[in-house]
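Participant: upload.txt is the file, holding compact mmCIF, C-alpha atoms:
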```txt
# COMPACT_ATOMS: atom_id res chain seq x y z
CA MET K 299 -23.06 39.75 -68.75
CA ILE K 300 -21.07 36.64 -67.76
CA LEU K 301 -18.09 38.80 -66.94
CA ALA K 302 -20.25 40.94 -64.63
CA LEU K 303 -21.63 37.81 -62.86
CA ALA K 304 -18.15 36.37 -62.39
CA ALA K 305 -16.88 39.66 -60.99
CA THR K 306 -19.85 39.85 -58.61
CA THR K 307 -19.23 36.25 -57.45
CA LEU K 308 -15.57 37.00 -56.82
CA VAL K 309 -16.42 40.08 -54.80
CA ALA K 310 -19.03 38.14 -52.80
CA LEU K 311 -16.52 35.35 -52.09
CA ALA K 312 -13.89 37.86 -51.03
CA LEU K 313 -16.37 39.49 -48.66
CA LEU K 314 -17.51 36.13 -47.22
CA SER K 315 -13.98 34.72 -46.88
CA ASP K 316 -13.69 36.14 -43.37
CA LEU K 317 -16.61 33.97 -42.39
CA ILE K 318 -15.85 30.89 -44.45
CA ILE K 319 -12.09 30.41 -43.89
CA PRO K 320 -12.21 30.14 -40.07
CA ARG K 321 -15.00 27.57 -40.31
CA VAL K 322 -13.08 25.50 -42.85
CA GLU K 323 -9.97 25.67 -40.64
CA GLU K 324 -11.98 24.63 -37.60
CA ALA K 325 -13.56 21.69 -39.44
CA TRP K 326 -10.11 20.59 -40.64
CA SER K 327 -8.60 20.76 -37.16
CA ARG K 328 -11.57 18.79 -35.74
CA HIS K 329 -11.02 16.14 -38.39
CA ARG K 330 -7.29 15.93 -37.56
CA ALA K 331 -8.03 15.72 -33.83
CA ARG K 332 -10.47 12.86 -34.41
CA ARG K 333 -7.84 10.97 -36.40
CA GLY K 334 -5.23 11.66 -33.72
CA ARG K 335 -7.44 10.31 -30.93
CA ALA K 336 -8.14 7.03 -32.71
CA PRO K 337 -6.22 4.17 -31.06
CA ALA K 338 -3.42 2.61 -33.05
CA LEU K 339 -5.09 -0.78 -32.76
CA SER K 340 -8.77 -1.28 -33.33
CA TYR K 341 -10.99 -3.09 -30.84
CA ASP K 342 -10.79 -6.82 -31.41
CA PRO K 343 -13.56 -8.73 -29.60
CA GLY K 344 -11.77 -12.06 -30.09
CA ARG K 345 -8.58 -10.75 -28.50
CA GLU K 346 -10.55 -9.32 -25.56
CA ARG K 347 -12.39 -12.62 -25.04
CA ARG K 348 -9.14 -14.57 -25.03
CA ALA K 349 -7.62 -12.05 -22.60
CA GLU K 350 -10.62 -12.43 -20.29
CA GLN K 351 -10.36 -16.22 -20.48
CA ARG K 352 -6.70 -16.08 -19.43
CA ALA K 353 -7.56 -13.61 -16.69
CA ARG K 354 -10.29 -15.91 -15.32
CA THR K 355 -7.85 -18.82 -15.22
CA LEU K 356 -5.35 -16.71 -13.29
CA LEU K 357 -8.00 -15.43 -10.88
CA ARG K 358 -9.25 -18.95 -10.20
CA SER K 359 -5.71 -20.10 -9.41
CA CYS K 360 -5.22 -17.32 -6.83
CA VAL K 361 -8.43 -17.06 -4.80
CA ASP K 362 -10.32 -19.54 -2.59
CA ASP K 363 -12.70 -22.04 -4.15
CA GLU K 364 -15.53 -20.21 -2.39
CA GLU K 365 -14.45 -16.82 -3.74
CA TRP K 366 -14.11 -18.22 -7.24
CA ALA K 367 -17.58 -19.78 -7.08
CA MET K 368 -18.94 -16.47 -5.77
CA TYR K 369 -17.46 -14.57 -8.70
CA ARG K 370 -18.61 -17.16 -11.22
CA ASP K 371 -22.18 -17.27 -9.86
CA LEU K 372 -22.76 -13.71 -8.62
CA GLY K 373 -20.26 -11.54 -10.51
CA PHE K 374 -18.43 -10.14 -7.48
CA ILE K 375 -16.15 -11.26 -4.64
CA ARG K 376 -16.47 -10.49 -0.93
CA VAL K 377 -13.28 -9.76 0.97
CA TRP K 378 -13.35 -9.42 4.77
CA GLY K 379 -11.89 -6.24 6.22
CA SER K 380 -9.01 -6.59 8.65
CA GLN K 381 -8.69 -3.16 10.29
CA ALA K 382 -9.78 -3.08 13.93
CA ASP K 383 -11.82 0.09 13.57
CA GLY K 384 -13.10 -0.12 10.02
CA PRO K 385 -11.73 0.74 6.62
CA ASP K 386 -10.74 4.35 7.28
CA GLN K 387 -10.24 6.92 9.98
CA ALA K 388 -13.32 8.94 9.09
CA GLY K 389 -16.04 6.77 10.57
CA GLY K 390 -15.14 3.84 12.80
CA THR K 391 -17.19 0.68 12.86
CA GLY K 392 -16.81 0.27 16.61
CA GLY K 393 -15.08 -3.04 16.07
CA ALA K 394 -18.00 -4.51 14.11
CA PRO K 395 -16.95 -6.90 11.34
CA TYR K 396 -17.04 -5.38 7.88
CA ALA K 397 -16.30 -6.51 4.36
CA TYR K 398 -15.86 -5.26 0.81
CA LEU K 399 -17.59 -6.21 -2.40
CA ILE K 400 -15.27 -6.24 -5.41
CA TYR K 401 -16.89 -5.71 -8.79
CA PRO K 402 -15.00 -5.62 -12.10
CA HIS K 403 -14.24 -2.03 -13.15
CA ARG K 404 -16.55 -0.61 -10.48
CA ALA K 405 -16.00 0.95 -7.09
CA ILE K 406 -15.21 -1.27 -4.11
CA VAL K 407 -18.08 -1.10 -1.60
CA ALA K 408 -17.48 -1.41 2.14
CA TYR K 409 -20.36 -2.55 4.36
CA LEU K 410 -21.09 -3.81 7.85
CA ALA K 411 -21.35 -7.58 7.73
CA GLN K 412 -24.17 -8.00 10.24
CA THR K 413 -26.50 -5.16 9.32
CA HIS K 414 -25.54 -4.78 5.65
CA ARG K 415 -25.27 -1.04 6.20
CA LEU K 416 -23.22 0.42 3.36
CA LEU K 417 -20.21 2.39 4.61
CA ASN K 418 -18.40 3.88 1.62
CA GLU K 419 -17.44 3.44 -2.00
CA TYR K 420 -13.74 3.33 -2.87
CA CYS K 421 -13.00 4.22 -6.47
CA VAL K 422 -9.75 2.72 -7.64
CA ALA K 423 -8.25 1.86 -11.02
CA PHE K 424 -5.20 -0.04 -12.24
CA PRO K 425 -4.32 1.77 -15.44
CA ASP K 426 -1.51 0.42 -17.63
CA GLN K 427 -0.04 3.58 -19.13
CA THR K 428 1.87 1.60 -21.77
CA ARG K 429 -1.53 0.92 -23.41
CA PRO K 430 -0.18 -2.18 -25.15
CA TYR K 431 -3.35 -2.79 -27.16
CA GLY K 432 -4.59 0.77 -27.43
CA SER K 433 -6.28 0.59 -24.03
CA ALA K 434 -5.20 1.07 -20.42
CA ARG K 435 -8.02 -1.15 -19.14
CA LEU K 436 -7.32 -4.63 -17.75
CA PRO K 437 -9.65 -7.54 -18.51
CA ASP K 438 -12.53 -7.74 -16.00
CA SER K 439 -11.12 -10.70 -14.05
CA ASP K 440 -7.65 -9.12 -13.89
CA ASP K 441 -9.21 -5.97 -12.42
CA VAL K 442 -10.95 -8.10 -9.77
CA LEU K 443 -7.71 -9.97 -9.03
CA ALA K 444 -5.73 -6.74 -8.74
CA LYS K 445 -8.27 -5.41 -6.21
CA TRP K 446 -8.28 -8.73 -4.35
CA MET K 447 -4.46 -8.82 -4.10
CA ALA K 448 -4.21 -5.18 -3.07
CA LEU K 449 -6.98 -5.54 -0.45
CA THR K 450 -5.80 -8.80 1.09
CA GLY K 451 -2.13 -7.79 0.81
CA ASP K 452 -2.22 -4.19 2.00
CA GLU K 453 -5.76 -3.02 2.74
CA ARG K 454 -4.64 0.24 4.34
CA ARG K 455 -2.56 1.31 1.35
CA LEU K 456 -5.29 0.52 -1.19
CA ILE K 457 -7.94 2.38 0.79
CA ALA K 458 -5.59 5.36 1.20
CA THR K 459 -4.97 5.39 -2.57
CA ALA K 460 -8.63 5.14 -3.56
CA ASN K 461 -11.01 8.06 -3.86
CA MET K 462 -13.60 7.65 -1.14
CA HIS K 463 -17.24 8.54 -1.73
CA LEU K 464 -20.51 8.05 0.06
CA PRO K 465 -22.52 5.01 -1.10
CA GLY K 466 -24.50 5.64 -4.26
CA ARG K 467 -22.01 7.65 -6.27
CA GLN K 468 -21.16 4.91 -8.74
CA LEU K 469 -23.19 1.90 -7.67
CA ASP K 470 -26.90 2.02 -6.98
CA PRO K 471 -27.32 1.21 -3.25
CA THR K 472 -30.49 -0.75 -4.03
CA ARG K 473 -28.51 -2.95 -6.37
CA VAL K 474 -25.73 -3.43 -3.79
CA ARG K 475 -28.25 -4.38 -1.08
CA ARG K 476 -29.83 -6.80 -3.51
CA ASP K 477 -26.36 -8.28 -4.20
CA LEU K 478 -25.85 -8.70 -0.45
CA TRP K 479 -29.20 -10.49 -0.23
CA ARG K 480 -28.18 -12.70 -3.20
CA LEU K 481 -24.91 -13.44 -1.43
CA THR K 482 -26.76 -14.54 1.72
CA GLN K 483 -29.06 -16.81 -0.31
CA TRP K 484 -26.09 -18.17 -2.23
CA GLU K 485 -24.20 -18.98 0.98
CA ARG K 486 -27.23 -20.73 2.48
CA ALA K 487 -27.69 -22.83 -0.65
CA ARG K 488 -24.00 -23.68 -0.64
CA MET K 489 -24.10 -24.72 3.01
CA ARG K 490 -27.19 -26.88 2.37
CA SER K 491 -25.54 -28.49 -0.60
CA SER K 492 -22.32 -29.04 1.30
CA GLY K 493 -24.28 -30.54 4.26
CA ALA K 494 -26.20 -32.83 1.92
CA HIS K 495 -22.95 -33.91 0.28
CA SER K 496 -21.35 -34.69 3.67
CA ALA K 497 -24.41 -36.67 4.76
CA SER K 498 -24.39 -38.65 1.55
CA THR K 499 -20.66 -39.33 1.84
CA GLY K 500 -21.23 -40.47 5.44
CA VAL K 501 -23.95 -42.93 4.32
CA ASP K 502 -21.74 -44.23 1.54
CA ALA K 503 -18.85 -44.67 3.91
CA GLY K 504 -21.03 -46.55 6.42
CA MET I 245 -1.46 -8.58 -16.32
CA LYS I 246 -1.87 -6.62 -19.54
CA PRO I 247 -4.84 -4.89 -21.11
CA GLY I 248 -6.02 -6.89 -24.11
CA HIS I 249 -3.89 -9.84 -23.13
CA GLY I 250 -4.32 -11.04 -19.55
CA GLU I 251 -1.52 -13.04 -18.02
CA VAL I 252 1.94 -12.77 -19.62
CA LEU I 253 4.91 -14.90 -18.50
CA ILE I 254 7.83 -12.52 -17.89
CA ALA I 255 10.50 -14.83 -16.56
CA GLU I 256 10.86 -18.18 -14.85
CA GLY I 257 13.65 -20.04 -13.14
CA ASP I 258 14.84 -21.86 -10.06
CA VAL I 259 15.96 -19.56 -7.23
CA GLU I 260 18.31 -22.29 -6.01
CA ARG I 261 20.42 -21.81 -9.14
CA ALA I 262 22.50 -18.62 -8.86
CA GLU I 263 22.26 -17.85 -12.57
CA ASP I 264 18.45 -18.09 -12.57
CA GLU I 265 18.16 -16.14 -9.34
CA GLN I 266 20.19 -13.25 -10.74
CA ARG I 267 17.99 -13.12 -13.83
CA LEU I 268 14.84 -13.19 -11.70
CA ILE I 269 16.18 -10.39 -9.47
CA GLU I 270 16.93 -8.21 -12.49
CA GLU I 271 13.48 -8.82 -13.97
CA PHE I 272 11.84 -8.14 -10.60
CA ARG I 273 13.64 -4.79 -10.34
CA ARG I 274 12.77 -3.91 -13.93
CA GLN I 275 9.07 -4.45 -13.27
CA LEU I 276 9.09 -2.42 -10.06
CA ASP I 277 11.07 0.36 -11.75
CA ALA I 278 8.38 0.41 -14.45
CA GLY I 279 5.92 1.31 -11.68
CA LEU I 280 4.21 -2.06 -11.22
CA TRP I 281 3.17 -3.60 -7.92
CA ALA I 282 4.11 -7.17 -7.08
CA ALA I 283 2.17 -9.73 -5.06
CA VAL I 284 2.52 -13.37 -4.06
CA PRO I 285 -0.73 -15.27 -3.47
CA TYR I 286 -0.54 -17.78 -0.62
CA THR I 287 -2.68 -19.67 1.88
CA GLY I 288 -2.76 -17.92 5.25
CA SER I 289 -2.64 -19.51 8.69
CA ALA I 290 -6.45 -19.61 8.91
CA GLY I 291 -6.57 -21.52 5.64
CA ARG I 292 -7.81 -18.56 3.62
CA ARG I 293 -6.16 -17.46 0.41
CA GLN I 294 -4.63 -14.00 0.47
CA ALA I 295 -1.83 -12.03 -1.13
CA HIS I 296 1.46 -10.76 0.20
CA MET I 297 2.58 -7.47 -1.39
CA VAL I 298 6.33 -7.50 -1.98
CA ARG I 299 8.60 -4.48 -2.40
CA ALA I 300 11.96 -6.25 -2.53
CA PHE I 301 13.12 -9.55 -3.98
CA GLY I 302 14.13 -10.65 -0.48
CA ASP I 303 10.49 -10.36 0.65
CA ILE I 304 9.45 -13.17 -1.69
CA PRO I 305 9.14 -16.50 0.16
CA ARG I 306 11.71 -18.92 -1.24
CA ASP I 307 9.04 -21.49 -1.94
CA ALA I 308 6.73 -19.06 -3.79
CA GLU I 309 5.51 -20.50 -7.06
CA ARG I 310 5.06 -17.14 -8.74
CA VAL I 311 5.04 -13.39 -8.35
CA ILE I 312 2.26 -11.47 -10.07
CA PHE I 313 2.98 -7.95 -11.33
CA PHE I 314 0.09 -5.61 -11.91
CA PRO I 315 -0.39 -1.89 -12.60
CA ARG I 316 -0.12 0.37 -9.57
CA ALA I 317 -3.45 1.46 -8.09
CA ALA I 318 -4.69 5.00 -8.67
CA GLY I 319 -7.73 6.84 -7.43
CA GLY I 320 -10.59 6.20 -9.84
CA ARG I 321 -13.74 8.13 -10.70
```
Taking this structure as input, can you express it in the form of structure tokens?
Facilitator:
Amino acid sequence: MILALAATTLVALALLSDLIIPRVEEAWSRHRARRGRAPALSYDPGRERRAEQRARTLLRSCVDDEEWAMYRDLGFIRVWGSQADGPDQAGGTGGAPYAYLIYPHRAIVAYLAQTHRLLNEYCVAFPDQTRPYGSARLPDSDDVLAKWMALTGDERRLIATANMHLPGRQLDPTRVRRDLWRLTQWERARMRSSGAHSASTGVDAG
Amino acid sequence: MKPGHGEVLIAEGDVERAEDEQRLIEEFRRQLDAGLWAAVPYTGSAGRRQAHMVRAFGDIPRDAERVIFFPRAAGGR
């Protein structure tokens, strides 16, 4: 009886092997692929925080006081455009002043300064292919500084390198318009505060 | 600039000393050969801070305090 059951099991296994073996092989290769994709170094939040702290110090030492305060308070930096006819050949601005908003690890947004009309999004990255800590991604403030240097140093080259998209592809236009409104409010408050400080200094001096 | 690290000091020296200058030139070339971009932050004529992208050691102003190397830009998603 037992012999008959064992023989039947063997036959059943032999018949099912065509189905079972490929699945086992597939599961094994998936497992190996998962292990292969894992970075050599695990994510270390402390290391990333220290890196961001160093990056913020470097950013602060490079940009204007106003730009630094803008980044600290609002989370982005505005850089004025310098091309006579706008950021790219596609749609000129007719000489109207324009600017860019730089967000960390997000697209750069170009807009008309007076009307706040959004022009384009420019998607650009600064990947470090050596992946020194298992990642190609710079700290947030380094990403902002890289964009700031590339835009103020060679706007035309950066814009030519970036992938251009219509507004709304990566950043919600409502959010960007709200950021522009926040920027206006922030600048007004800063001017008021600066005016009050000057007045008070003048009184003290007198 | 390095992922997971931030700012890293690569080399320093006084360009008025020939020995230092040679070392700085070699390091500058090594970084550019590795595909990095180089920039010197400075204060422009209108008083605004901006960066000067440099492609050769001779482009660096003699009084520049530092040159910052960062990964080359690529089109993002």
Participant: Pick the closest to Val252 in chain I from K:Ala302, K:Ala349, K:Thr307, K:Gly392: which is it, counting only C-alpha atoms?
Facilitator: K:Ala349
Participant: Using only C-alpha atoms, which of the listed residues (I:Ala278, I:Leu268, I:Met245, I:Ala290) sits closest to chain K?
Facilitator: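 Of all the options, I:Met245 lies closest to chain K.
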Participant: Could you jot down the CA of Thr413 in chain K to CA of Tyr396 in chain K separation for me, Å, one decimal place?
Facilitator: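 CA of Tyr396 in chain K lies at a distance of 9.6 Å from CA of Thr413 in chain K.
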Participant: Given only C-alpha atoms as the basis, pick out the residue of I:Arg306, I:His249, I:Arg261, I:Arg299 nearest to Asp277 in chain I.
Facilitator: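 Closest to Asp277 in chain I of all the choices is I:Arg299.
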Participant: Show which residues sit within 8 Å of Arg316 in chain I, as a PyMOL selection string. Count all atoms listed in the file, and ignore same-chain residues fewer than 2 positions away.
Facilitator: (chain K and resi 424-425) or (chain I and resi 279-281+314+318)
Participant: Between CA of Leu399 in chain K and CA of Thr482 in chain K, measure the distance and give it in Å to one decimal.
Facilitator: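 Separation between CA of Leu399 in chain K and CA of Thr482 in chain K: 13.1 Å.
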